[in-house]
Each structure stands twice: as C-alpha cells, then as structure tokens.
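Please read the structure below before turning to the comments.
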Amino acid sequence: MKTPIRFHIVTLGCAKNQVDSEGMAQLLISQGLEPTDDPRQARVLIVNTCGFLGAARAESRATIERLLARRRPGQVIIAAGCMVSLDQHRRELPDGVDALLSTREWTRIDSLVATLLDLPVPRVRPPEEALPTFHRLPTARPSAYVKIADGCDHRCSFCAIPLIKGQQVSKRPSDIIREIRELVDSGSKEVVLVAQDTIRYGSDLGLRDGLPGLLRLIAEQVPDLPWLRLLYLYPSPLLFRLIDTMAELPQCVPYLDIPLQHADPTILRAMARPSNPDFYRRLLAYARQRIPGVTLRTTFIVGFPGETDEQFQRLYDFVQEMQFDHVGVFVYSREEPTASARLGQPVPREIAEERRAALMALQQRISLAKNKALVGHELEILIEGHGELQDEFGRHSPLSAGRAARHAPEVDGLVFVPGQLPIGQMVTVRVTHAEPYDLWAEYPSAGPKSTRRTRPRPRSPGHTGLNTNH
C-alpha cells in the first residue's frame with residue numbers, strides 16, 4: 001500500500017488566519033494529502049504566520065526555527081500568511097524555508113506543494129475579483145469561523161493590516177451561505193463572521209446594506225443555525241442599521257464587539273480613528289436600548305505616543321462610565337512602516353504597563369459584578385470541551401466547559417459545569433458561582449458539587465492568537 005503524504009499546519013494569530021488554514025487544508029486534502037497533528041509524521045510543514053506586532057512575528061519566527069531544527073530529510077517547510085506579505089517582515093524569517101505564500105496567495109498551496117514534491121500540478125484556477133472560497137472540512141466543531149471579507153480600507157495610524165492585506169475584498173453572499181450551510185449540516189451550532197472591517201462587508205461589491213442584508217439572507221437560507229455572531233465591528237454610523245437588524249433576527253446573538261481603541265479625542269485623532277467619544281456613547285446607548293441584555297466587548301490601546309496622564313485618566317473614566325462586559329487592553333507597539341511610528345517615542349513601557357494593569361483591574365471589578373448578577377439565573381450554553389475537577393480529597397470527577405451567548409470564542413470567559421456533557425450540545429444550566437471571567441453552573445444530571453474549582457483547559461479543537469483587529 002502506498003504511504004500517504006501527510007501535512008501539518010501551525011496557525012498563529014487571529015481567527016481569520018484559522019479560516020485560511022482550513023482553506024489550505026481542504027485544498028491539500030482534495031489533492032490526496034492527509035492531515036496530521038504530529039509534525040514528525042508530516043512531509044509538508046506549513047506555518048501560517050502573524051505579522052501584526054513584533055511579538056507575534058517573534059512567535060512566528062521561533063515556531064519556524066523549531067521546525068527547521070527538527071526537520072527530517074525530505075520534509076518541506078512553507079511560511080505563509082501575514083509575515084510573508086511585507087518585504088521588511090519577510091526579511092525577519094529564518095533561512096532554510098522552502099517556499100513563501102502571502103495572505104492573498106493561500107489558494108495556490110496545492111500547486112506550490114505539487115511543485116515542491118514533484119507531484120501532478122492541479123489545474124490553475126483563474127483569478128477572481130471576489131474573495132476565494134472553499135468547501136468546508138466535513139469534521140464539525142461546535143463553533144466555526146467564516147471569513148466574509150479580507151483586507152481593510154481604513155488607515156489607522158498604528159495598524160499595518162492594510163499594508164499587509166491590501167484593500168477590502170468581500171466574499172460573494174452565495175459563497176458565504178454555502179459555507180455556513182455545510183458547517184451546520186456537519187454539526188456546527190455557532191458561526192462567527194469575521195473580517196478586518198466586518199461592518200463594511202460588501203461595499204466593494206456594490207451592496208448598499210451589505211452586512212444587514214447578509215444577516216437577513218443567512219436567517220432565511222439557514223434557519224436551523226442556532227447562533228450567529230459578529231466580530232470586529234468598526235465604530236461607524238453603519239452600526240445603527242446593523243443593530244436594528246440584529247434586534248429583529250433571533251439567530252443573531254446579543255453581542256457586539258466594537259474595538260474603540262481610546263476615549264480621548266486627541267489620541268483618537270492621532271490614531272486616525274473616529275474621534276468623538278460622545279458618538280461612542282450614543283452608539284452604545286442605542287445598542288442597549290434596541291437589544292436588551294446585549295453584551296458589549298471592546299479593546300483599547302494604552303501608551304500611544306504622546307498619551308498623557310490626563311488622557312489616560314479620560315480613558316479610565318470612560319471605561320468606568322460605560323460598564324463594558326468584556327475589555328481587552330494592549331500596550332502600544334511601535335511598528336514600521338505604520339504612520340504612528342513617525343509620531344515620536346511611545347510612552348515608556350513601564351508606565352504603559354502600569355496603565356494597562358490599572359485598566360484591567362478596573363474591568364475585572366466591573367466584570368465580576370456583572371457575572372455575580374447572573375448567579376441563580378439560567379443560561380443556554382454550547383458545550384465545547386471536557387476537563388476534570390479535583391475535590392479536597394484529591395478525587396477527580398468529569399467537568400464540561402462551554403460558552404454562553406455572552407462569550408465569544410477564545411477571547412471571553414467560559415462556563416464550567418460538573419459532569420460530562422456531549423461536546424456540541426446546547427444545554428440550559430443554572431449559574432451557581434461567578435469569577436471575573438468565568439462562570440460555574442449546574443445541569444440537572446451534573447455530577448458532584450463539592451469540588452475545588454480550578455480552570456481546566458477544554459479538550460476540544462481550538463485556536464490561539466492575539467485579538468489584533470480594528
């Protein structure tokens with residue numbers, strides 16, 4: 001029997017990279033290759049890199065170096081993704097990589113591998129104006145990402161994404177519907193729509209109300225999808241129409257992820273962001289009015305060049321005032337060739353870290369109070385993994401981990417339930433205990449309650465990476 005050719009993909013960075021990795025995997029499987037979780041068994045090793053920040057590039061470089069150090073004779077190593085897309089970032093890659101593949105070239109992975117391994121080269125697909133699509137893998141995860149667009153037309157001064165990805169290119173609505181239909185048919189209960197600038201989906205296709213129209217189309221064509229989630233919504237007036245649409249469609253989970261980045265007008269102008277915090281207030285108040293119980297998530301950057309103590313205090317007071325459900329805080333990273341790199345030196349790292357810690361401590365108090373208010377209430381959750389509980393006598397018992405509608409994959413908390421519930425099942429649980437990020441709950445047939453709480457890692461396929469979006 002002929003030994004199969006196996007491939008192994010390491011995905012770094014955000015959820016959009018994960019979608020590209022799934023596309024590459026599907027193309028290679030169609031070519032007759034087999035995936036493997038063990039890089040030692042793979043003939044083809046692919047690292048889908050992240051190039052957004054220096055720390056992410058360092059992780060990508062270290063990952064490739066580890067694979068190079070353990071390379072077996074005959075193995076080929078391919079660097080793909082964001083780090084490959086800019087010349088100056090590409091120069092940071094270690095020597096010894098066999099081939100490079102930028103973010104807009106991932107659909108060539110099958111022909112590239114065929115050339116490297118001297119296999120029959122697949123038929124070359126003609127270039128298309130729309131974002132390439134692919135048939136989803138038949139192995140279902142409880143939650144799955146669908147990329148609806150790539151690239152960005154904004155020019156935020158701190159962000160290299162437009163330089164790496166280029167201008168926005170949207171996927172055709174019919175292709176998105178087909179992907180979602182395949183995912184639901186294979187067992188996925190949640191679909192998460194992602195893009196660099198999700199709110200402007202379809203603008204390059206000439207669609208007037210692209211994202212609201214897409215949500216209505218999904219609700220009509222895939223009515224059996226339980227949860228539809230949106231991530232990375234740029235703070236735009238377009239959001240008001242989107243909020244109205246979400247309020248009308250029960251499939252849309254009541255969750256808005258709107259990265260605001262700061263609350264001081266001067267800093268926001270230097271970031272080339274919408275610079276009116278009162279607009280943010282009106283937008284968030286409208287969301288809370290139209291979608292009762294909506295979960296609000298945002299991200300902020302501290303330590304931006306020129307940020308004073310007073311400007312940081314304005315941000316701190318804004319977070320206290322707005323009472324977000326989830327907040328991510330990042331220390332500014334000076335990245336060439338972004339415009340902010342020419343604004344002078346950023347705030348000293350030690351001060352920026354102190355500001356981040358202060359903002360996170362504030363948000364922890366807010367999050368804990370919000371989570372405590374859920375104790376005694378019922379939540380519907382999606383089971384995604386299993387772990388173990390250990391009681392005071394050292395005895396182990398099964399534990400299930402899931403997420404409620406208020407928790408986005410990977411970036412928010414989890415709901416832990418004693419007992420082993422089927423992965424992929426949606427169940428209603430009662431919240432019994434609250435922590436700043438996670439909740440504990442009970443299910444009618446759950447196991448023992450007298451346990452020492454620990455935060456186990458769910459045993460389910462997942463993704464890791466930075467939330468590095470606008």
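If you're wondering about the labels, chains in the structure tokens are A, B, ... by order shown, residues count from 1 in each chain, ligands from 1 in order shown.
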Query - Exercise: Glu384 (chain A) partners within 7 Å, only C-alpha atoms, chain neighbours under 3 positions left out, as number ranges by chain - result: A: 142, 401-402, 423-424, 460
Go ahead and save the picked residues with all heavy atoms, as a tab-separated table (two decimals), in the first residue's frame.
chain	number	residue	atom	x	y	z
A	142	PRO	N	-18.05	22.63	17.33
A	142	PRO	CA	-19.27	23.27	17.82
A	142	PRO	C	-19.42	24.70	17.32
A	142	PRO	O	-20.51	25.16	17.03
A	142	PRO	CB	-19.09	23.23	19.34
A	142	PRO	CG	-18.18	22.06	19.58
A	142	PRO	CD	-17.25	22.04	18.41
A	401	ALA	N	-16.93	22.15	29.75
A	401	ALA	CA	-16.70	23.58	29.55
A	401	ALA	C	-17.49	24.04	28.34
A	401	ALA	O	-17.49	23.38	27.29
A	401	ALA	CB	-15.22	23.86	29.35
A	402	GLY	N	-18.18	25.16	28.49
A	402	GLY	CA	-18.96	25.69	27.39
A	402	GLY	C	-18.96	27.21	27.40
A	402	GLY	O	-18.30	27.85	28.22
A	423	ILE	N	-20.01	17.11	23.76
A	423	ILE	CA	-19.47	18.25	23.04
A	423	ILE	C	-20.35	18.53	21.82
A	423	ILE	O	-20.76	17.64	21.10
A	423	ILE	CB	-18.02	17.97	22.61
A	423	ILE	CG1	-17.12	17.94	23.85
A	423	ILE	CG2	-17.52	19.02	21.62
A	423	ILE	CD1	-15.67	17.60	23.56
A	424	GLY	N	-20.65	19.81	21.62
A	424	GLY	CA	-21.52	20.21	20.53
A	424	GLY	C	-22.97	20.33	20.91
A	424	GLY	O	-23.80	20.78	20.11
A	460	SER	N	-10.82	20.36	23.33
A	460	SER	CA	-11.52	20.46	22.05
A	460	SER	C	-10.66	21.24	21.10
A	460	SER	O	-9.82	22.03	21.52
A	460	SER	CB	-12.87	21.14	22.22
A	460	SER	OG	-12.70	22.46	22.66
Each region 387-432 of chain A residue no farther than 12 Å from region 350-370 of chain A, nearest pair in Å, only C-alpha atoms, as a tab-separated table:
residue	atom	partner	partner_atom	distance
A:Arg406	CA	A:Lys370	CA	11.3
A:Asp412	CA	A:Ser367	CA	10.8
A:Gly413	CA	A:Ser367	CA	10.3
Requested in this report: Could you give me the residues within region 179-348 of chain A that DSSP places in helix (DSSP H, G or I), as a PyMOL selection string?
Outcome: chain A and resi 179-185+198-200+203-205+210-221+238-248+265-270+277-290+309-322+339-342
Requested in this report: Identify, on the basis of only C-alpha atoms, every residue whose closest approach to Ala99 (chain A) does not exceed 10 Å; exclude the query and any residue fewer than 2 positions from it along the same chain; express the result as a PyMOL selection string.
Outcome: chain A and resi 46+76-80+96-97+101+112-113+116
Write out the residues from the selection above, keeping C-alpha atoms, as a PDB file, in the first residue's frame.
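The file below, again-v3.pdb, is the result:
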ATOM      1  CA  ILE A  46       3.139  24.935   6.909  1.00  0.00           C
ATOM      2  CA  VAL A  76       9.493  20.831   3.181  1.00  0.00           C
ATOM      3  CA  ILE A  77       8.680  23.903   5.240  1.00  0.00           C
ATOM      4  CA  ILE A  78       6.412  26.667   3.937  1.00  0.00           C
ATOM      5  CA  ALA A  79       5.930  30.065   5.586  1.00  0.00           C
ATOM      6  CA  ALA A  80       2.519  31.536   4.782  1.00  0.00           C
ATOM      7  CA  GLY A  96      16.006  27.445   5.308  1.00  0.00           C
ATOM      8  CA  VAL A  97      12.324  27.916   4.482  1.00  0.00           C
ATOM      9  CA  LEU A 101       2.961  32.212   0.430  1.00  0.00           C
ATOM     10  CA  LEU A 112       3.002  25.025  -4.663  1.00  0.00           C
ATOM     11  CA  VAL A 113       3.164  21.719  -2.771  1.00  0.00           C
ATOM     12  CA  LEU A 116       7.937  21.161  -4.228  1.00  0.00           C
TER      13      LEU A 116
END
Query raised in the report: Which polymer residues have any atom within 10 Å of an atom of Ile9 (chain A), counting only C-alpha atoms, with same-chain residues fewer than 3 positions away left out, as a ChimeraX atom specification?
Result: /A:12,18,21-22,24-25,35-39,42,44-48,78,80
How about saving the chosen residues, all heavy atoms kept, as a tab-separated table (two decimals), in the first residue's frame?
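So part_13.tsv came out as:
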chain	number	residue	atom	x	y	z
A	12	LEU	N	-0.98	30.68	13.56
A	12	LEU	CA	-0.69	31.70	14.56
A	12	LEU	C	-1.54	32.94	14.25
A	12	LEU	O	-1.93	33.16	13.11
A	12	LEU	CB	0.79	32.06	14.54
A	12	LEU	CG	1.75	30.88	14.77
A	12	LEU	CD1	3.19	31.31	14.53
A	12	LEU	CD2	1.59	30.31	16.18
A	18	GLN	N	-7.01	31.34	10.93
A	18	GLN	CA	-7.52	29.98	11.08
A	18	GLN	C	-8.39	29.58	9.90
A	18	GLN	O	-8.31	28.46	9.39
A	18	GLN	CB	-8.33	29.85	12.39
A	18	GLN	CG	-8.90	28.47	12.64
A	18	GLN	CD	-7.83	27.41	12.83
A	18	GLN	OE1	-6.76	27.72	13.35
A	18	GLN	NE2	-8.12	26.19	12.41
A	21	SER	N	-6.16	28.76	7.06
A	21	SER	CA	-5.54	27.45	7.26
A	21	SER	C	-6.49	26.33	6.91
A	21	SER	O	-6.10	25.31	6.32
A	21	SER	CB	-5.07	27.30	8.71
A	21	SER	OG	-3.98	28.17	8.99
A	22	GLU	N	-7.77	26.48	7.27
A	22	GLU	CA	-8.76	25.47	6.91
A	22	GLU	C	-8.89	25.38	5.39
A	22	GLU	O	-9.06	24.28	4.83
A	22	GLU	CB	-10.10	25.81	7.54
A	22	GLU	CG	-10.11	25.65	9.06
A	22	GLU	CD	-11.45	26.03	9.67
A	22	GLU	OE1	-12.37	26.39	8.90
A	22	GLU	OE2	-11.58	25.95	10.90
A	24	MET	N	-6.49	26.04	3.18
A	24	MET	CA	-5.31	25.34	2.67
A	24	MET	C	-5.42	23.84	2.92
A	24	MET	O	-5.09	23.03	2.05
A	24	MET	CB	-4.05	25.91	3.34
A	24	MET	CG	-3.67	27.28	2.83
A	24	MET	SD	-2.02	27.83	3.38
A	24	MET	CE	-2.37	28.34	5.06
A	25	ALA	N	-5.90	23.48	4.11
A	25	ALA	CA	-6.06	22.06	4.42
A	25	ALA	C	-7.01	21.38	3.44
A	25	ALA	O	-6.75	20.27	2.96
A	25	ALA	CB	-6.55	21.89	5.85
A	35	PRO	N	-4.01	15.16	6.53
A	35	PRO	CA	-3.55	15.99	7.64
A	35	PRO	C	-3.06	15.14	8.81
A	35	PRO	O	-3.51	14.00	9.00
A	35	PRO	CB	-4.81	16.76	8.04
A	35	PRO	CG	-5.94	15.86	7.63
A	35	PRO	CD	-5.47	15.13	6.40
A	36	THR	N	-2.14	15.70	9.58
A	36	THR	CA	-1.67	15.03	10.79
A	36	THR	C	-1.39	16.07	11.87
A	36	THR	O	-0.96	17.19	11.57
A	36	THR	CB	-0.39	14.20	10.53
A	36	THR	OG1	0.07	13.64	11.78
A	36	THR	CG2	0.73	15.06	9.95
A	37	ASP	N	-1.66	15.69	13.12
A	37	ASP	CA	-1.36	16.58	14.23
A	37	ASP	C	0.10	16.48	14.68
A	37	ASP	O	0.55	17.26	15.51
A	37	ASP	CB	-2.27	16.25	15.43
A	37	ASP	CG	-3.72	16.59	15.15
A	37	ASP	OD1	-3.97	17.53	14.36
A	37	ASP	OD2	-4.60	15.93	15.72
A	38	ASP	N	0.82	15.52	14.14
A	38	ASP	CA	2.21	15.28	14.54
A	38	ASP	C	3.16	15.78	13.45
A	38	ASP	O	3.23	15.18	12.37
A	38	ASP	CB	2.43	13.78	14.77
A	38	ASP	CG	3.82	13.47	15.32
A	38	ASP	OD1	4.64	14.40	15.43
A	38	ASP	OD2	4.07	12.29	15.63
A	39	PRO	N	3.88	16.87	13.69
A	39	PRO	CA	4.78	17.39	12.65
A	39	PRO	C	5.86	16.39	12.26
A	39	PRO	O	6.39	16.46	11.14
A	39	PRO	CB	5.37	18.65	13.28
A	39	PRO	CG	5.15	18.51	14.75
A	39	PRO	CD	3.91	17.70	14.91
A	42	ALA	N	4.77	14.45	9.20
A	42	ALA	CA	4.37	15.21	8.02
A	42	ALA	C	5.53	15.37	7.04
A	42	ALA	O	6.68	15.58	7.43
A	42	ALA	CB	3.86	16.58	8.43
A	44	VAL	N	4.99	17.72	4.64
A	44	VAL	CA	4.83	19.15	4.38
A	44	VAL	C	4.46	19.85	5.68
A	44	VAL	O	3.48	19.49	6.34
A	44	VAL	CB	3.72	19.40	3.33
A	44	VAL	CG1	3.55	20.90	3.07
A	44	VAL	CG2	4.02	18.65	2.04
A	45	LEU	N	5.26	20.84	6.05
A	45	LEU	CA	5.02	21.64	7.26
A	45	LEU	C	4.71	23.07	6.83
A	45	LEU	O	5.50	23.70	6.12
A	45	LEU	CB	6.24	21.61	8.17
A	45	LEU	CG	6.68	20.24	8.67
A	45	LEU	CD1	8.03	20.33	9.38
A	45	LEU	CD2	5.64	19.66	9.62
A	46	ILE	N	3.57	23.59	7.28
A	46	ILE	CA	3.14	24.93	6.91
A	46	ILE	C	2.93	25.75	8.18
A	46	ILE	O	2.23	25.31	9.10
A	46	ILE	CB	1.82	24.89	6.11
A	46	ILE	CG1	1.98	24.02	4.85
A	46	ILE	CG2	1.37	26.31	5.72
A	46	ILE	CD1	0.66	23.68	4.19
A	47	VAL	N	3.55	26.92	8.24
A	47	VAL	CA	3.33	27.85	9.36
A	47	VAL	C	2.59	29.05	8.81
A	47	VAL	O	3.12	29.81	8.00
A	47	VAL	CB	4.65	28.28	10.02
A	47	VAL	CG1	4.36	29.24	11.18
A	47	VAL	CG2	5.42	27.06	10.52
A	48	ASN	N	1.34	29.22	9.24
A	48	ASN	CA	0.55	30.37	8.84
A	48	ASN	C	0.84	31.48	9.84
A	48	ASN	O	0.32	31.50	10.95
A	48	ASN	CB	-0.94	30.02	8.82
A	48	ASN	CG	-1.76	31.01	8.04
A	48	ASN	OD1	-1.26	32.02	7.55
A	48	ASN	ND2	-3.05	30.73	7.91
A	78	ILE	N	6.98	25.52	4.64
A	78	ILE	CA	6.41	26.67	3.94
A	78	ILE	C	5.98	27.71	4.96
A	78	ILE	O	5.28	27.38	5.92
A	78	ILE	CB	5.20	26.24	3.09
A	78	ILE	CG1	5.62	25.20	2.04
A	78	ILE	CG2	4.55	27.45	2.41
A	78	ILE	CD1	4.44	24.55	1.33
A	80	ALA	N	3.67	30.90	5.44
A	80	ALA	CA	2.52	31.54	4.78
A	80	ALA	C	2.00	32.66	5.66
A	80	ALA	O	2.42	32.84	6.81
A	80	ALA	CB	1.42	30.49	4.53
Per residue of region 304-344 of chain A within 8 Å of region 256-274 of chain A, note the shortest atom pair and the distance in Å to one decimal, counting only C-alpha atoms, and order the rows by chain and increasing residue number, as a tab-separated table.
residue	atom	partner	partner_atom	distance
A:Phe304	CA	A:Ile267	CA	7.5
A:Gly306	CA	A:Ile267	CA	7.8
A:Glu307	CA	A:Ile267	CA	6.8
A:Gln311	CA	A:Asp264	CA	5.8
A:Phe312	CA	A:Asp264	CA	7.7
A:Arg314	CA	A:Asp264	CA	6.2
A:Leu315	CA	A:Ala263	CA	4.9
A:Phe318	CA	A:Ala263	CA	6.6
A:Ser340	CA	A:Met271	CA	7.2
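Minimum distance to Ala408 (chain A) across A:His396, A:Arg342, A:Arg349, A:Arg229 (counting only C-alpha atoms) occurs at A:Arg229.
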Query raised in the report: Near region 182-196 of chain A, within 6 Å and counting only C-alpha atoms, which residues show up once chain neighbours fewer than 3 positions away are dropped, as a list in words?
Result: Ala140, Arg141, Pro142, Ser143, Ala144, Tyr145, Val146, Lys147, Ile148, Ala149, Asp150, Cys152, Glu179, Pro226, Trp227, Leu228, Arg229, Leu230 and Leu231 of chain A
Residue subset to file, keeping N, CA and C atoms, as an mmCIF file, in the first residue's frame:
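Saved file selection21.cif follows:
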data_model
loop_
_atom_site.group_PDB
_atom_site.id
_atom_site.type_symbol
_atom_site.label_atom_id
_atom_site.label_comp_id
_atom_site.auth_asym_id
_atom_site.auth_seq_id
_atom_site.Cartn_x
_atom_site.Cartn_y
_atom_site.Cartn_z
ATOM 1 N N ALA A 140 -16.881 18.585 12.000
ATOM 2 C CA ALA A 140 -17.568 19.726 12.596
ATOM 3 C C ALA A 140 -16.956 20.106 13.932
ATOM 4 N N ARG A 141 -16.860 21.389 14.191
ATOM 5 C CA ARG A 141 -16.583 21.913 15.517
ATOM 6 C C ARG A 141 -17.864 22.557 16.022
ATOM 7 N N PRO A 142 -18.046 22.628 17.327
ATOM 8 C CA PRO A 142 -19.267 23.274 17.821
ATOM 9 C C PRO A 142 -19.421 24.705 17.316
ATOM 10 N N SER A 143 -18.272 25.412 17.205
ATOM 11 C CA SER A 143 -18.275 26.784 16.727
ATOM 12 C C SER A 143 -17.266 26.903 15.589
ATOM 13 N N ALA A 144 -17.612 27.661 14.563
ATOM 14 C CA ALA A 144 -16.730 27.776 13.405
ATOM 15 C C ALA A 144 -16.717 29.212 12.897
ATOM 16 N N TYR A 145 -15.557 29.633 12.406
ATOM 17 C CA TYR A 145 -15.416 30.966 11.821
ATOM 18 C C TYR A 145 -15.688 30.909 10.323
ATOM 19 N N VAL A 146 -16.291 31.966 9.820
ATOM 20 C CA VAL A 146 -16.445 32.161 8.379
ATOM 21 C C VAL A 146 -15.939 33.561 8.053
ATOM 22 N N LYS A 147 -14.906 33.629 7.216
ATOM 23 C CA LYS A 147 -14.372 34.926 6.807
ATOM 24 C C LYS A 147 -15.233 35.475 5.677
ATOM 25 N N ILE A 148 -15.781 36.670 5.873
ATOM 26 C CA ILE A 148 -16.659 37.264 4.854
ATOM 27 C C ILE A 148 -15.944 38.314 4.015
ATOM 28 N N ALA A 149 -14.787 38.773 4.459
ATOM 29 C CA ALA A 149 -14.002 39.742 3.683
ATOM 30 C C ALA A 149 -12.578 39.709 4.197
ATOM 31 N N ASP A 150 -11.676 40.237 3.387
ATOM 32 C CA ASP A 150 -10.269 40.321 3.778
ATOM 33 C C ASP A 150 -9.734 41.674 3.337
ATOM 34 N N CYS A 152 -8.500 45.840 4.313
ATOM 35 C CA CYS A 152 -9.128 46.958 5.013
ATOM 36 C C CYS A 152 -8.857 48.257 4.261
ATOM 37 N N GLU A 179 -20.971 28.009 2.601
ATOM 38 C CA GLU A 179 -20.072 27.603 3.694
ATOM 39 C C GLU A 179 -20.840 27.370 4.979
ATOM 40 N N PRO A 226 -28.341 27.841 15.108
ATOM 41 C CA PRO A 226 -28.780 28.417 16.384
ATOM 42 C C PRO A 226 -28.166 29.781 16.691
ATOM 43 N N TRP A 227 -26.828 29.904 16.522
ATOM 44 C CA TRP A 227 -26.141 31.137 16.922
ATOM 45 C C TRP A 227 -25.367 31.715 15.742
ATOM 46 N N LEU A 228 -25.553 33.010 15.505
ATOM 47 C CA LEU A 228 -24.775 33.747 14.516
ATOM 48 C C LEU A 228 -24.138 34.932 15.231
ATOM 49 N N ARG A 229 -22.812 34.991 15.188
ATOM 50 C CA ARG A 229 -22.068 36.022 15.935
ATOM 51 C C ARG A 229 -21.222 36.857 14.976
ATOM 52 N N LEU A 230 -21.068 38.137 15.299
ATOM 53 C CA LEU A 230 -20.230 39.047 14.523
ATOM 54 C C LEU A 230 -19.072 39.524 15.384
ATOM 55 N N LEU A 231 -17.881 39.594 14.794
ATOM 56 C CA LEU A 231 -16.727 40.151 15.488
ATOM 57 C C LEU A 231 -16.108 41.271 14.656
#
Query - From A:Val375, A:Val417, A:Met246, A:Val327, residue lying nearest Glu388 (chain A) [only C-alpha atoms] - result: A:Val417
Query - Long-range neighbours of region 61-74 of chain A as a VMD selection string, 7 Å cut-off, only C-alpha atoms, 4 positions minimum in chain - result: chain A and resid 43 47 57 93 to 94
Selection to disk with all heavy atoms, as an mmCIF file, in the first residue's frame:
data_model
loop_
_atom_site.group_PDB
_atom_site.id
_atom_site.type_symbol
_atom_site.label_atom_id
_atom_site.label_comp_id
_atom_site.auth_asym_id
_atom_site.auth_seq_id
_atom_site.Cartn_x
_atom_site.Cartn_y
_atom_site.Cartn_z
ATOM 1 N N ARG A 43 5.204 15.267 5.780
ATOM 2 C CA ARG A 43 6.166 15.583 4.724
ATOM 3 C C ARG A 43 6.153 17.094 4.450
ATOM 4 O O ARG A 43 7.167 17.677 4.070
ATOM 5 C CB ARG A 43 5.783 14.815 3.457
ATOM 6 C CG ARG A 43 6.653 15.105 2.249
ATOM 7 C CD ARG A 43 7.831 14.169 2.133
ATOM 8 N NE ARG A 43 8.664 14.514 0.989
ATOM 9 C CZ ARG A 43 8.466 14.090 -0.254
ATOM 10 N NH1 ARG A 43 7.448 13.284 -0.508
ATOM 11 N NH2 ARG A 43 9.280 14.446 -1.224
ATOM 12 N N VAL A 47 3.548 26.923 8.245
ATOM 13 C CA VAL A 47 3.330 27.847 9.365
ATOM 14 C C VAL A 47 2.587 29.052 8.812
ATOM 15 O O VAL A 47 3.124 29.809 7.998
ATOM 16 C CB VAL A 47 4.648 28.277 10.025
ATOM 17 C CG1 VAL A 47 4.356 29.239 11.176
ATOM 18 C CG2 VAL A 47 5.416 27.060 10.517
ATOM 19 N N ARG A 57 5.418 38.406 15.397
ATOM 20 C CA ARG A 57 6.424 37.987 14.417
ATOM 21 C C ARG A 57 7.509 37.153 15.086
ATOM 22 O O ARG A 57 8.013 36.193 14.498
ATOM 23 C CB ARG A 57 7.029 39.207 13.720
ATOM 24 C CG ARG A 57 6.018 39.963 12.864
ATOM 25 C CD ARG A 57 6.708 40.914 11.900
ATOM 26 N NE ARG A 57 7.508 41.910 12.578
ATOM 27 C CZ ARG A 57 7.032 43.049 13.080
ATOM 28 N NH1 ARG A 57 5.744 43.315 12.990
ATOM 29 N NH2 ARG A 57 7.829 43.916 13.666
ATOM 30 N N LEU A 93 12.234 36.404 8.548
ATOM 31 C CA LEU A 93 12.075 34.944 8.549
ATOM 32 C C LEU A 93 13.436 34.259 8.553
ATOM 33 O O LEU A 93 14.391 34.739 7.934
ATOM 34 C CB LEU A 93 11.287 34.507 7.316
ATOM 35 C CG LEU A 93 9.811 34.921 7.278
ATOM 36 C CD1 LEU A 93 9.237 34.690 5.889
ATOM 37 C CD2 LEU A 93 9.007 34.154 8.327
ATOM 38 N N PRO A 94 13.555 33.125 9.250
ATOM 39 C CA PRO A 94 14.842 32.423 9.282
ATOM 40 C C PRO A 94 15.179 31.803 7.928
ATOM 41 O O PRO A 94 14.296 31.506 7.115
ATOM 42 C CB PRO A 94 14.627 31.341 10.350
ATOM 43 C CG PRO A 94 13.147 31.128 10.389
ATOM 44 C CD PRO A 94 12.526 32.459 10.073
#
Requested in this report: Step one, run DSSP on the backbone; step two, keep only residues of region 305-414 of chain A assigned to strand (DSSP E); then write them as a PyMOL selection string.
Outcome: chain A and resi 326-331+378-390+396-404
